[in-house]
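As provided, entry-v2.pdb (PDB, C-alpha atoms) reads as follows.
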ATOM      1  CA  MET H   7      -8.070 -42.297  45.147
ATOM      2  CA  LEU H   8      -7.985 -41.391  41.427
ATOM      3  CA  GLN H   9     -11.739 -41.094  41.229
ATOM      4  CA  SER H  10     -11.744 -38.511  44.020
ATOM      5  CA  VAL H  11      -9.252 -36.179  42.269
ATOM      6  CA  PHE H  12     -10.405 -36.522  38.648
ATOM      7  CA  GLU H  13     -12.544 -33.685  37.271
ATOM      8  CA  GLY H  14     -14.297 -32.891  34.014
ATOM      9  CA  LYS H  15     -13.327 -34.987  31.019
ATOM     10  CA  ALA H  16     -10.872 -37.117  33.039
ATOM     11  CA  ALA H  17     -13.646 -38.114  35.477
ATOM     12  CA  GLU H  18     -15.921 -39.062  32.559
ATOM     13  CA  ILE H  19     -13.202 -41.235  30.992
ATOM     14  CA  TYR H  20     -12.437 -42.969  34.296
ATOM     15  CA  SER H  21     -16.090 -43.703  35.064
ATOM     16  CA  ALA H  22     -16.554 -45.165  31.562
ATOM     17  CA  LEU H  23     -13.698 -47.682  31.943
ATOM     18  CA  PRO H  24     -14.513 -51.302  32.801
ATOM     19  CA  SER H  25     -13.864 -52.313  36.408
ATOM     20  CA  GLU H  26     -10.907 -54.549  35.487
ATOM     21  CA  LYS H  27      -9.135 -51.615  33.751
ATOM     22  CA  CYS H  28      -9.783 -49.129  36.554
ATOM     23  CA  SER H  29      -7.330 -50.967  38.780
ATOM     24  CA  ASP H  30      -4.483 -50.688  36.203
ATOM     25  CA  ILE H  31      -2.767 -47.332  36.636
ATOM     26  CA  ASP H  32      -1.007 -47.532  33.240
ATOM     27  CA  THR H  33      -4.249 -48.177  31.390
ATOM     28  CA  VAL H  34      -6.029 -45.356  33.205
ATOM     29  CA  LYS H  35      -3.158 -42.975  32.436
ATOM     30  CA  GLN H  36      -3.118 -43.922  28.766
ATOM     31  CA  GLU H  37      -6.877 -43.488  28.331
ATOM     32  CA  VAL H  38      -6.968 -40.128  30.127
ATOM     33  CA  LEU H  39      -4.026 -38.731  28.159
ATOM     34  CA  LYS H  40      -5.606 -39.944  24.929
ATOM     35  CA  ALA H  41      -8.729 -37.919  25.731
ATOM     36  CA  TYR H  42      -6.664 -34.728  26.060
ATOM     37  CA  GLU H  43      -4.298 -35.520  23.201
ATOM     38  CA  LEU H  44      -3.929 -33.111  20.279
ATOM     39  CA  VAL H  45      -2.817 -33.797  16.727
ATOM     40  CA  SER H  46       0.908 -33.515  16.010
ATOM     41  CA  GLU H  47       0.479 -30.306  14.006
ATOM     42  CA  ALA H  48      -1.083 -28.610  17.024
ATOM     43  CA  TYR H  49       1.908 -29.552  19.197
ATOM     44  CA  ARG H  50       4.296 -28.330  16.509
ATOM     45  CA  GLN H  51       2.559 -24.976  16.269
ATOM     46  CA  LYS H  52       2.517 -24.601  20.051
ATOM     47  CA  PHE H  53       6.242 -25.352  20.207
ATOM     48  CA  ARG H  54       7.137 -22.924  17.415
ATOM     49  CA  SER H  55       4.884 -20.080  18.559
ATOM     50  CA  TYR H  56       5.502 -20.260  22.311
ATOM     51  CA  LYS H  57       7.135 -17.028  23.538
ATOM     52  CA  MET H  58       8.595 -16.064  26.852
ATOM     53  CA  PHE H  59       6.368 -14.110  29.266
ATOM     54  CA  ASP H  60       7.618 -11.146  31.272
ATOM     55  CA  SER H  61       6.868 -12.960  34.516
ATOM     56  CA  GLN H  62       8.874 -16.043  33.528
ATOM     57  CA  THR H  63      12.496 -16.814  34.244
ATOM     58  CA  TYR H  64      14.669 -18.278  31.514
ATOM     59  CA  VAL H  65      14.700 -21.617  33.336
ATOM     60  CA  GLU H  66      10.901 -21.728  33.336
ATOM     61  CA  PHE H  67      10.747 -20.746  29.695
ATOM     62  CA  ALA H  68      13.283 -23.438  28.738
ATOM     63  CA  ARG H  69      11.316 -26.068  30.658
ATOM     64  CA  GLU H  70       8.078 -25.142  28.870
ATOM     65  CA  LYS H  71       9.815 -25.226  25.498
ATOM     66  CA  GLU H  72      11.300 -28.636  26.264
ATOM     67  CA  ASP H  73       7.939 -29.998  27.389
ATOM     68  CA  LEU H  74       6.208 -28.807  24.201
ATOM     69  CA  PHE H  75       8.988 -30.268  22.080
ATOM     70  CA  ASP H  76       8.691 -33.645  23.815
ATOM     71  CA  LYS H  77       4.933 -33.656  23.248
ATOM     72  CA  TRP H  78       5.495 -32.930  19.555
ATOM     73  CA  LEU H  79       8.006 -35.784  19.222
ATOM     74  CA  THR H  80       5.730 -38.154  21.133
ATOM     75  CA  SER H  81       2.781 -37.353  18.864
ATOM     76  CA  LYS H  82       4.982 -38.078  15.817
ATOM     77  CA  LYS H  83       6.157 -41.379  17.387
ATOM     78  CA  THR H  84       9.857 -40.734  16.873
ATOM     79  CA  ASN H  85      10.635 -43.152  19.729
ATOM     80  CA  ASN H  86      14.001 -41.463  20.421
ATOM     81  CA  ASN H  87      15.211 -42.605  16.978
ATOM     82  CA  PHE H  88      17.690 -40.342  15.201
ATOM     83  CA  ASP H  89      16.457 -41.156  11.681
ATOM     84  CA  ASN H  90      12.864 -40.401  12.673
ATOM     85  CA  LEU H  91      13.929 -37.104  14.239
ATOM     86  CA  ARG H  92      16.008 -36.270  11.150
ATOM     87  CA  GLN H  93      13.060 -36.857   8.816
ATOM     88  CA  LEU H  94      10.816 -34.775  11.065
ATOM     89  CA  MET H  95      13.167 -31.783  10.925
ATOM     90  CA  LEU H  96      13.767 -32.108   7.163
ATOM     91  CA  LEU H  97      10.053 -32.432   6.447
ATOM     92  CA  GLU H  98       9.215 -29.318   8.459
ATOM     93  CA  GLU H  99      11.918 -27.330   6.674
ATOM     94  CA  PHE H 100      10.659 -28.582   3.296
ATOM     95  CA  LYS H 101       7.133 -27.389   4.054
ATOM     96  CA  GLN H 102       8.446 -23.949   5.001
ATOM     97  CA  CYS H 103      10.098 -23.619   1.575
ATOM     98  CA  VAL H 104       7.104 -24.458  -0.639
ATOM     99  CA  HIS H 105       3.965 -22.563  -1.636
ATOM    100  CA  LEU H 106       1.196 -22.261   0.958
ATOM    101  CA  ASP H 107      -1.270 -24.267  -1.165
ATOM    102  CA  LEU H 108       1.252 -27.054  -1.540
ATOM    103  CA  LYS H 109       2.049 -27.016   2.183
ATOM    104  CA  THR H 110      -1.659 -27.416   2.989
ATOM    105  CA  HIS H 111      -1.855 -30.326   0.573
ATOM    106  CA  LEU H 112       1.128 -32.008   2.259
ATOM    107  CA  ASP H 113      -0.436 -31.515   5.698
ATOM    108  CA  ASP H 114      -3.596 -33.232   4.483
ATOM    109  CA  LYS H 115      -1.552 -36.177   3.233
ATOM    110  CA  THR H 116       0.329 -36.596   6.556
ATOM    111  CA  VAL H 117       3.571 -37.627   4.852
ATOM    112  CA  GLY H 118       6.349 -39.135   6.963
ATOM    113  CA  THR H 119       9.549 -38.510   4.977
ATOM    114  CA  ILE H 120      10.925 -35.696   2.881
ATOM    115  CA  HIS H 121      11.180 -38.008  -0.138
ATOM    116  CA  ASP H 122       7.467 -38.802   0.030
ATOM    117  CA  ALA H 123       6.717 -35.078   0.356
ATOM    118  CA  ALA H 124       8.782 -34.312  -2.743
ATOM    119  CA  VAL H 125       7.032 -36.986  -4.814
ATOM    120  CA  ILE H 126       3.584 -35.796  -3.736
ATOM    121  CA  SER H 127       4.593 -32.185  -4.508
ATOM    122  CA  ASP H 128       5.641 -33.142  -8.040
ATOM    123  CA  TYR H 129       2.341 -34.934  -8.638
ATOM    124  CA  TYR H 130       0.406 -31.973  -7.265
ATOM    125  CA  THR H 131       2.291 -29.483  -9.453
ATOM    126  CA  LEU H 132       1.809 -31.546 -12.604
ATOM    127  CA  SER H 133      -1.867 -32.310 -12.013
ATOM    128  CA  HIS H 134      -2.781 -28.710 -11.142
ATOM    129  CA  LYS H 135      -0.447 -27.119 -13.720
ATOM    130  CA  ARG H 136       0.733 -24.701 -11.095
ATOM    131  CA  SER H 137       4.119 -22.974 -10.874
ATOM    132  CA  PHE H 138       5.681 -22.328  -7.473
ATOM    133  CA  LYS H 139       8.776 -20.377  -6.426
ATOM    134  CA  GLY H 140       9.683 -19.070  -9.880
ATOM    135  CA  GLN H 141       9.398 -22.458 -11.683
ATOM    136  CA  ASN H 142       7.041 -23.240 -14.553
ATOM    137  CA  VAL H 143       5.973 -26.669 -15.756
ATOM    138  CA  ASN H 144       6.871 -27.476 -19.334
ATOM    139  CA  THR H 145       3.794 -29.403 -20.501
ATOM    140  CA  SER H 146       5.406 -30.485 -23.767
ATOM    141  CA  SER H 147       8.347 -32.350 -22.255
ATOM    142  CA  GLY H 148       7.261 -32.792 -18.661
ATOM    143  CA  ASN H 149      10.461 -31.228 -17.313
ATOM    144  CA  TYR H 150      10.940 -28.186 -15.127
ATOM    145  CA  LYS H 151      12.397 -24.960 -16.459
ATOM    146  CA  ASN H 152      14.039 -22.426 -14.226
ATOM    147  CA  GLN H 153      13.115 -18.991 -15.512
ATOM    148  CA  SER H 154      15.914 -17.302 -13.599
ATOM    149  CA  THR H 155      18.674 -19.230 -15.473
ATOM    150  CA  GLU H 156      17.195 -19.825 -18.964
ATOM    151  CA  ARG H 157      17.407 -17.099 -21.601
ATOM    152  CA  THR H 158      15.955 -17.106 -25.106
ATOM    153  CA  ASP H 159      18.425 -14.408 -26.125
ATOM    154  CA  SER H 160      22.033 -13.885 -25.172
ATOM    155  CA  LYS H 161      21.458 -10.155 -24.666
ATOM    156  CA  PRO H 162      20.719  -8.876 -21.163
ATOM    157  CA  VAL H 163      17.061  -8.320 -20.465
ATOM    158  CA  ALA H 164      16.060  -5.051 -18.780
ATOM    159  CA  GLN H 165      13.336  -5.377 -16.210
ATOM    160  CA  ASN H 166      11.133  -2.810 -14.556
ATOM    161  CA  LYS H 167      11.412  -2.721 -10.772
ATOM    162  CA  SER H 168       7.658  -2.419 -10.450
ATOM    163  CA  GLN H 169       7.085  -5.451 -12.717
ATOM    164  CA  SER H 170       5.347  -8.397 -11.117
ATOM    165  CA  SER H 171       7.177 -11.682 -10.626
ATOM    166  CA  TYR H 172       4.585 -13.207 -12.950
ATOM    167  CA  ASN H 173       4.806 -12.647 -16.708
ATOM    168  CA  MET H 174       1.153 -11.813 -17.256
ATOM    169  CA  SER H 175       1.531 -11.454 -21.040
ATOM    170  CA  SER H 176       3.030 -14.935 -21.417
ATOM    171  CA  PRO H 177       0.796 -17.836 -22.521
ATOM    172  CA  LYS H 178       2.249 -19.802 -19.603
ATOM    173  CA  PHE H 179       0.442 -17.495 -17.211
ATOM    174  CA  ASP H 180      -2.746 -19.524 -17.019
ATOM    175  CA  THR H 181      -6.239 -18.483 -16.028
ATOM    176  CA  PHE H 182      -5.937 -20.002 -12.570
ATOM    177  CA  GLU H 183      -2.945 -17.799 -11.741
ATOM    178  CA  LYS H 184      -4.710 -14.641 -12.931
ATOM    179  CA  LYS H 185      -7.759 -15.375 -10.818
ATOM    180  CA  SER H 186      -5.555 -15.766  -7.760
ATOM    181  CA  LEU H 187      -4.248 -12.193  -8.127
ATOM    182  CA  ILE H 188      -6.100  -9.494  -6.176
ATOM    183  CA  CYS H 189      -5.634  -5.757  -6.747
ATOM    184  CA  ALA H 190      -4.829  -3.903  -3.549
ATOM    185  CA  TYR H 191      -6.643  -0.769  -4.830
ATOM    186  CA  CYS H 192      -9.949  -1.879  -6.375
ATOM    187  CA  LYS H 193     -10.018  -5.290  -4.574
ATOM    188  CA  LYS H 194     -10.872  -7.092  -7.823
ATOM    189  CA  ASN H 195      -9.350 -10.337  -9.084
ATOM    190  CA  GLY H 196      -7.234 -10.877 -12.169
ATOM    191  CA  HIS H 197      -4.652  -8.078 -11.925
ATOM    192  CA  LEU H 198      -2.250  -6.284  -9.605
ATOM    193  CA  MET H 199      -2.332  -2.678  -8.419
ATOM    194  CA  ALA H 200       0.428  -1.735 -10.894
ATOM    195  CA  ASP H 201      -1.940  -2.691 -13.757
ATOM    196  CA  CYS H 202      -5.168  -1.357 -12.212
ATOM    197  CA  PHE H 203      -7.140   0.662 -14.770
ATOM    198  CA  ARG H 204      -9.152   2.530 -12.118
ATOM    199  CA  LEU H 205      -5.971   3.621 -10.321
ATOM    200  CA  GLN H 206      -4.425   4.824 -13.576
ATOM    201  CA  LYS H 207      -7.491   6.951 -14.346
ATOM    202  CA  LYS H 208      -7.424   8.368 -10.816
ATOM    203  CA  ASN H 209      -3.759   9.304 -11.154
ATOM    204  CA  GLU H 210      -4.494  11.060 -14.432
ATOM    205  CA  ARG H 211      -7.186  13.143 -12.746
ATOM    206  CA  ASP H 212      -4.971  13.911  -9.736
ATOM    207  CA  ASN H 213      -2.040  14.946 -11.941
ATOM    208  CA  LYS H 214      -4.164  17.453 -13.833
ATOM    209  CA  PRO H 215      -2.836  20.896 -12.775
ATOM    210  CA  LYS H 216      -5.138  22.935 -10.569
ATOM    211  CA  SER H 217      -5.079  26.708 -10.684
ATOM    212  CA  SER H 218      -4.902  29.152  -7.812
ATOM    213  CA  ALA H 219      -5.594  32.856  -7.773
ATOM    214  CA  CYS H 220      -1.960  33.820  -8.416
ATOM    215  CA  THR H 221      -0.862  31.110 -10.865
ATOM    216  CA  THR H 222      -1.922  30.797 -14.485
ATOM    217  CA  PRO H 223      -0.515  29.425 -17.742
ATOM    218  CA  TYR H 224       1.540  31.900 -19.715
ATOM    219  CA  ILE H 225       0.666  32.212 -23.412
ATOM    220  CA  THR H 226       2.687  34.037 -26.032
ATOM    221  CA  SER H 227       1.227  35.380 -29.235
ATOM    222  CA  THR H 228       3.688  33.353 -31.361
ATOM    223  CA  LEU H 229       1.956  30.002 -30.634
ATOM    224  CA  GLU H 230       0.118  29.051 -33.832
ATOM    225  CA  CYS H 231       0.466  25.235 -33.965
ATOM    226  CA  PRO H 232      -2.479  22.909 -33.135
ATOM    227  CA  ALA H 233      -0.874  22.159 -29.766
ATOM    228  CA  SER H 234      -0.956  25.841 -28.911
ATOM    229  CA  GLN H 235      -4.645  26.021 -29.765
ATOM    230  CA  ALA H 236      -5.309  23.219 -27.299
ATOM    231  CA  PHE H 237      -3.225  25.059 -24.717
ATOM    232  CA  LYS H 238      -5.280  28.200 -25.246
ATOM    233  CA  SER H 239      -8.414  26.138 -24.794
ATOM    234  CA  SER H 240      -7.126  24.872 -21.455
ATOM    235  CA  PHE H 241      -6.319  28.476 -20.522
ATOM    236  CA  CYS H 242      -9.953  29.360 -21.022
ATOM    237  CA  ASP H 243     -10.843  26.565 -18.619
ATOM    238  CA  TYR H 244      -8.596  28.161 -16.019
ATOM    239  CA  MET H 245     -10.339  31.500 -16.478
ATOM    240  CA  GLU H 246     -13.645  29.769 -15.863
ATOM    241  CA  GLU H 247     -12.340  28.597 -12.479
ATOM    242  CA  TYR H 248     -11.493  32.197 -11.547
ATOM    243  CA  LYS H 249     -15.031  33.501 -12.142
ATOM    244  CA  PRO H 250     -16.328  32.904  -8.577
ATOM    245  CA  PHE H 251     -13.516  35.144  -7.282
ATOM    246  CA  MET H 252     -13.815  37.927  -9.864
ATOM    247  CA  SER H 253     -15.916  41.074  -9.646
ATOM    248  CA  ASP H 254     -16.227  44.543 -11.161
ATOM    249  CA  GLY H 255     -15.240  47.777  -9.463
ATOM    250  CA  PHE H 256     -14.073  51.335  -9.931
ATOM    251  CA  ILE H 257     -10.869  53.204  -9.009
ATOM    252  CA  SER H 258      -9.679  56.775  -9.186
ATOM    253  CA  ILE H 259      -7.132  59.163  -7.816
ATOM    254  CA  VAL H 260      -8.064  60.330  -4.342
ATOM    255  CA  ASP H 261     -10.209  63.500  -4.462
ATOM    256  CA  ASP H 262     -10.924  62.872  -8.186
ATOM    257  CA  THR H 263     -14.496  62.162  -9.222
ATOM    258  CA  THR H 264     -13.542  60.412 -12.457
ATOM    259  CA  LEU H 265     -13.967  56.670 -11.861
ATOM    260  CA  GLN H 266     -12.167  54.079 -13.970
ATOM    261  CA  PRO H 267     -13.884  50.639 -14.335
ATOM    262  CA  ILE H 268     -11.666  47.700 -13.441
ATOM    263  CA  LYS H 269     -11.771  43.898 -13.092
ATOM    264  CA  ILE H 270     -11.005  42.693  -9.533
ATOM    265  CA  LEU H 271      -9.721  39.251  -8.536
ATOM    266  CA  ARG H 272      -9.984  38.378  -4.843
ATOM    267  CA  ASP H 273      -6.711  36.656  -3.873
ATOM    268  CA  THR H 274      -7.087  35.066  -0.432
ATOM    269  CA  GLY H 275      -3.410  34.064  -0.430
ATOM    270  CA  ALA H 276      -1.972  37.540  -1.083
ATOM    271  CA  PHE H 277      -0.580  39.736   1.672
ATOM    272  CA  GLN H 278      -0.537  42.893  -0.469
ATOM    273  CA  SER H 279      -3.098  44.176  -2.971
ATOM    274  CA  LEU H 280      -1.597  44.888  -6.408
ATOM    275  CA  LEU H 281      -2.719  47.292  -9.153
ATOM    276  CA  LEU H 282      -1.770  47.015 -12.804
ATOM    277  CA  GLU H 283       0.473  49.878 -13.903
ATOM    278  CA  GLY H 284      -0.967  52.356 -16.431
ATOM    279  CA  VAL H 285      -4.601  52.158 -15.349
ATOM    280  CA  LEU H 286      -4.370  55.432 -13.365
ATOM    281  CA  PRO H 287      -2.043  58.427 -13.823
ATOM    282  CA  LEU H 288      -0.056  57.776 -10.648
ATOM    283  CA  SER H 289       2.503  60.318  -9.489
ATOM    284  CA  GLU H 290       4.463  61.488  -6.473
ATOM    285  CA  LYS H 291       1.222  62.895  -5.064
ATOM    286  CA  THR H 292      -0.351  59.423  -4.920
ATOM    287  CA  SER H 293       2.834  57.779  -3.612
ATOM    288  CA  VAL H 294       3.034  57.064   0.105
ATOM    289  CA  GLY H 295       6.851  57.331   0.014
ATOM    290  CA  ALA H 296       7.374  53.659   0.779
ATOM    291  CA  SER H 297       7.687  50.296  -0.925
ATOM    292  CA  VAL H 298       7.242  46.664   0.024
ATOM    293  CA  LEU H 299       9.216  43.507  -0.803
ATOM    294  CA  LEU H 300       7.020  40.812  -2.325
ATOM    295  CA  GLN H 301       7.918  37.161  -2.806
ATOM    296  CA  GLY H 302       5.921  34.799  -5.020
ATOM    297  CA  VAL H 303       5.970  31.082  -5.692
ATOM    298  CA  GLU H 304       9.129  31.482  -7.791
ATOM    299  CA  LEU H 305      10.858  32.600  -4.522
ATOM    300  CA  GLY H 306      12.163  35.789  -6.086
ATOM    301  CA  CYS H 307      11.800  39.186  -4.309
ATOM    302  CA  ARG H 308      10.382  42.298  -5.973
ATOM    303  CA  ASP H 309      10.513  45.867  -4.654
ATOM    304  CA  VAL H 310       7.004  47.201  -5.254
ATOM    305  CA  PRO H 311       6.167  50.919  -4.738
ATOM    306  CA  LEU H 312       3.018  51.765  -2.784
ATOM    307  CA  HIS H 313       0.360  54.272  -3.862
ATOM    308  CA  ARG H 314      -2.834  55.522  -2.306
ATOM    309  CA  ILE H 315      -5.956  55.346  -4.525
ATOM    310  CA  TYR H 316      -9.709  55.386  -4.165
ATOM    311  CA  LEU H 317     -11.469  52.010  -4.603
ATOM    312  CA  LYS H 318     -15.171  51.330  -4.995
ATOM    313  CA  SER H 319     -16.193  47.650  -4.944
ATOM    314  CA  ASP H 320     -18.590  45.186  -3.366
ATOM    315  CA  LEU H 321     -16.015  44.262  -0.706
ATOM    316  CA  ILE H 322     -14.530  47.642   0.211
ATOM    317  CA  THR H 323     -15.085  51.282  -0.688
ATOM    318  CA  GLY H 324     -12.712  54.094   0.249
ATOM    319  CA  PRO H 325      -9.028  55.065   0.152
ATOM    320  CA  VAL H 326      -6.689  52.057  -0.044
ATOM    321  CA  ILE H 327      -2.955  51.513  -0.415
ATOM    322  CA  VAL H 328      -1.893  49.225  -3.267
ATOM    323  CA  GLY H 329       1.352  48.056  -4.803
ATOM    324  CA  VAL H 330       1.882  48.823  -8.472
ATOM    325  CA  ARG H 331       3.186  46.179 -10.882
ATOM    326  CA  THR H 332       3.880  46.314 -14.615
ATOM    327  CA  ASN H 333       1.965  43.051 -15.091
ATOM    328  CA  LEU H 334      -0.226  40.682 -13.123
ATOM    329  CA  PRO H 335      -0.271  36.870 -13.318
ATOM    330  CA  VAL H 336      -3.880  36.663 -14.550
ATOM    331  CA  GLU H 337      -4.784  38.127 -17.921
ATOM    332  CA  GLY H 338      -7.669  40.599 -17.935
ATOM    333  CA  VAL H 339      -7.405  41.387 -14.208
ATOM    334  CA  THR H 340      -6.659  44.955 -13.158
ATOM    335  CA  LEU H 341      -6.531  44.619  -9.375
ATOM    336  CA  LEU H 342      -5.507  41.714  -7.176
ATOM    337  CA  LEU H 343      -7.376  42.295  -3.913
ATOM    338  CA  GLY H 344      -5.329  40.743  -1.106
ATOM    339  CA  ASN H 345      -5.917  40.246   2.603
ATOM    340  CA  ASP H 346      -4.716  43.747   3.518
TER     341      ASP H 346
END

Rewrite the coordinates I just gave you, this time as structure tokens.
Amino acid sequence: MLQSVFEGKAAEIYSALPSEKCSDIDTVKQEVLKAYELVSEAYRQKFRSYKMFDSQTYVEFAREKEDLFDKWLTSKKTNNNFDNLRQLMLLEEFKQCVHLDLKTHLDDKTVGTIHDAAVISDYYTLSHKRSFKGQNVNTSSGNYKNQSTERTDSKPVAQNKSQSSYNMSSPKFDTFEKKSLICAYCKKNGHLMADCFRLQKKNERDNKPKSSACTTPYITSTLECPASQAFKSSFCDYMEEYKPFMSDGFISIVDDTTLQPIKILRDTGAFQSLLLEGVLPLSEKTSVGASVLLQGVELGCRDVPLHRIYLKSDLITGPVIVGVRTNLPVEGVTLLLGND
């Protein structure tokens, strides 16, 4: 009857048994289960990771959990003994509290008690000169030192929040620990992202101020120190960035043939074109009898009068209406040509 219902691996195991064992149901059961048996760690992981499905009831989920737990205990041969079960629970908890490398080492050793695991962990730490969970090995005395409780000075020590848990400048930080560190930015070994040289250089480049058509450094004539000379040099760099947007043109009073040469800066972020005051003899005749409120990046409003002038440039030629300001944000520019 068994031979007719067995399939796959179970059928192969049954057919390989001697004839005298095939008639013993207990022997057949033991051999078949042994063929499908997993290691104890596999049963433990299945028990810990098993989650309830949406289609399951709580009774079904509890039964599956109980079955996986029984398989785990059977594989560990606890034999319904309380001391064996106690050691199993303590050993699992101990492995969850140690470093991953140490846990893997303990799994390879297949220890049975928490005391054996602790002894093996001490040997592993001493032989590899590793420090786990904030503890360093004192090679001179062979004792452990807890860095969180020992102080070389009675004064409080200020720490940076971004500082790593490892003291990388300390001689106790050995080469093996440094090689195990991986930078999350450049993906190289030996340092963390907080100490990455490439990231620091990138931040320096990103923090360098970029100019726009309506913002520029302000320089006074009283700056004579070496720092001011460097600032003036950087100002020249800003003017170089404006060159693609600058052009020459001519303006005059409407119906006047006398053209005045000007320097034009195309400002693609400006709503209103602005003319520097004093370039043309503006009067009530050129005024359109209106003004406009302008707001810049400093969020302050300015009431700017509007005048009609004649403009000749590469972009537009003819009568235009411009606002008149006593000064413009870019030195050497006579007309800010906006989107109007």

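By chain and then residue number, the residues within 9 Å of Tyr56 of chain H are Gln51, Lys52, Glu70, Lys71 and Leu74 of chain H, counting only C-alpha atoms and disregarding those fewer than 4 positions away in sequence.
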
What does the file look like for those residues with C-alpha atoms, as a PDB file, in the coordinates of the input?
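The resulting file, selection.pdb, is shown below:
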ATOM      1  CA  GLN H  51       2.559 -24.976  16.269  1.00  0.00           C
ATOM      2  CA  LYS H  52       2.517 -24.601  20.051  1.00  0.00           C
ATOM      3  CA  GLU H  70       8.078 -25.142  28.870  1.00  0.00           C
ATOM      4  CA  LYS H  71       9.815 -25.226  25.498  1.00  0.00           C
ATOM      5  CA  LEU H  74       6.208 -28.807  24.201  1.00  0.00           C
TER       6      LEU H  74
END

- Item | Output of the PyMOL selection byres ((chain H and resi 252) around 10), listed as a count of residues only | 19

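Distances here use only C-alpha atoms; by that measure, the residue among H:Ala17, H:Leu300, H:Leu317, H:Cys189 closest to Asp261 of chain H is H:Leu317.
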
- Task: Report the distance between atom CA of Ile257 of chain H and atom CA of Gln301 of chain H in Å, rounded to one decimal place.
- Result: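 According to the coordinates, atom CA of Ile257 of chain H and atom CA of Gln301 of chain H are separated by 25.5 Å.
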
- Task: For segment 322-336 of chain H, work out the shell of residues within 10 Å, counting only C-alpha atoms and skipping chain neighbours fewer than 5 positions away, then give it as a VMD selection string.
- Result: chain H and resid 219 to 224 244 to 245 248 255 to 261 271 278 to 284 288 292 to 294 296 to 300 308 to 317 341 to 344 346
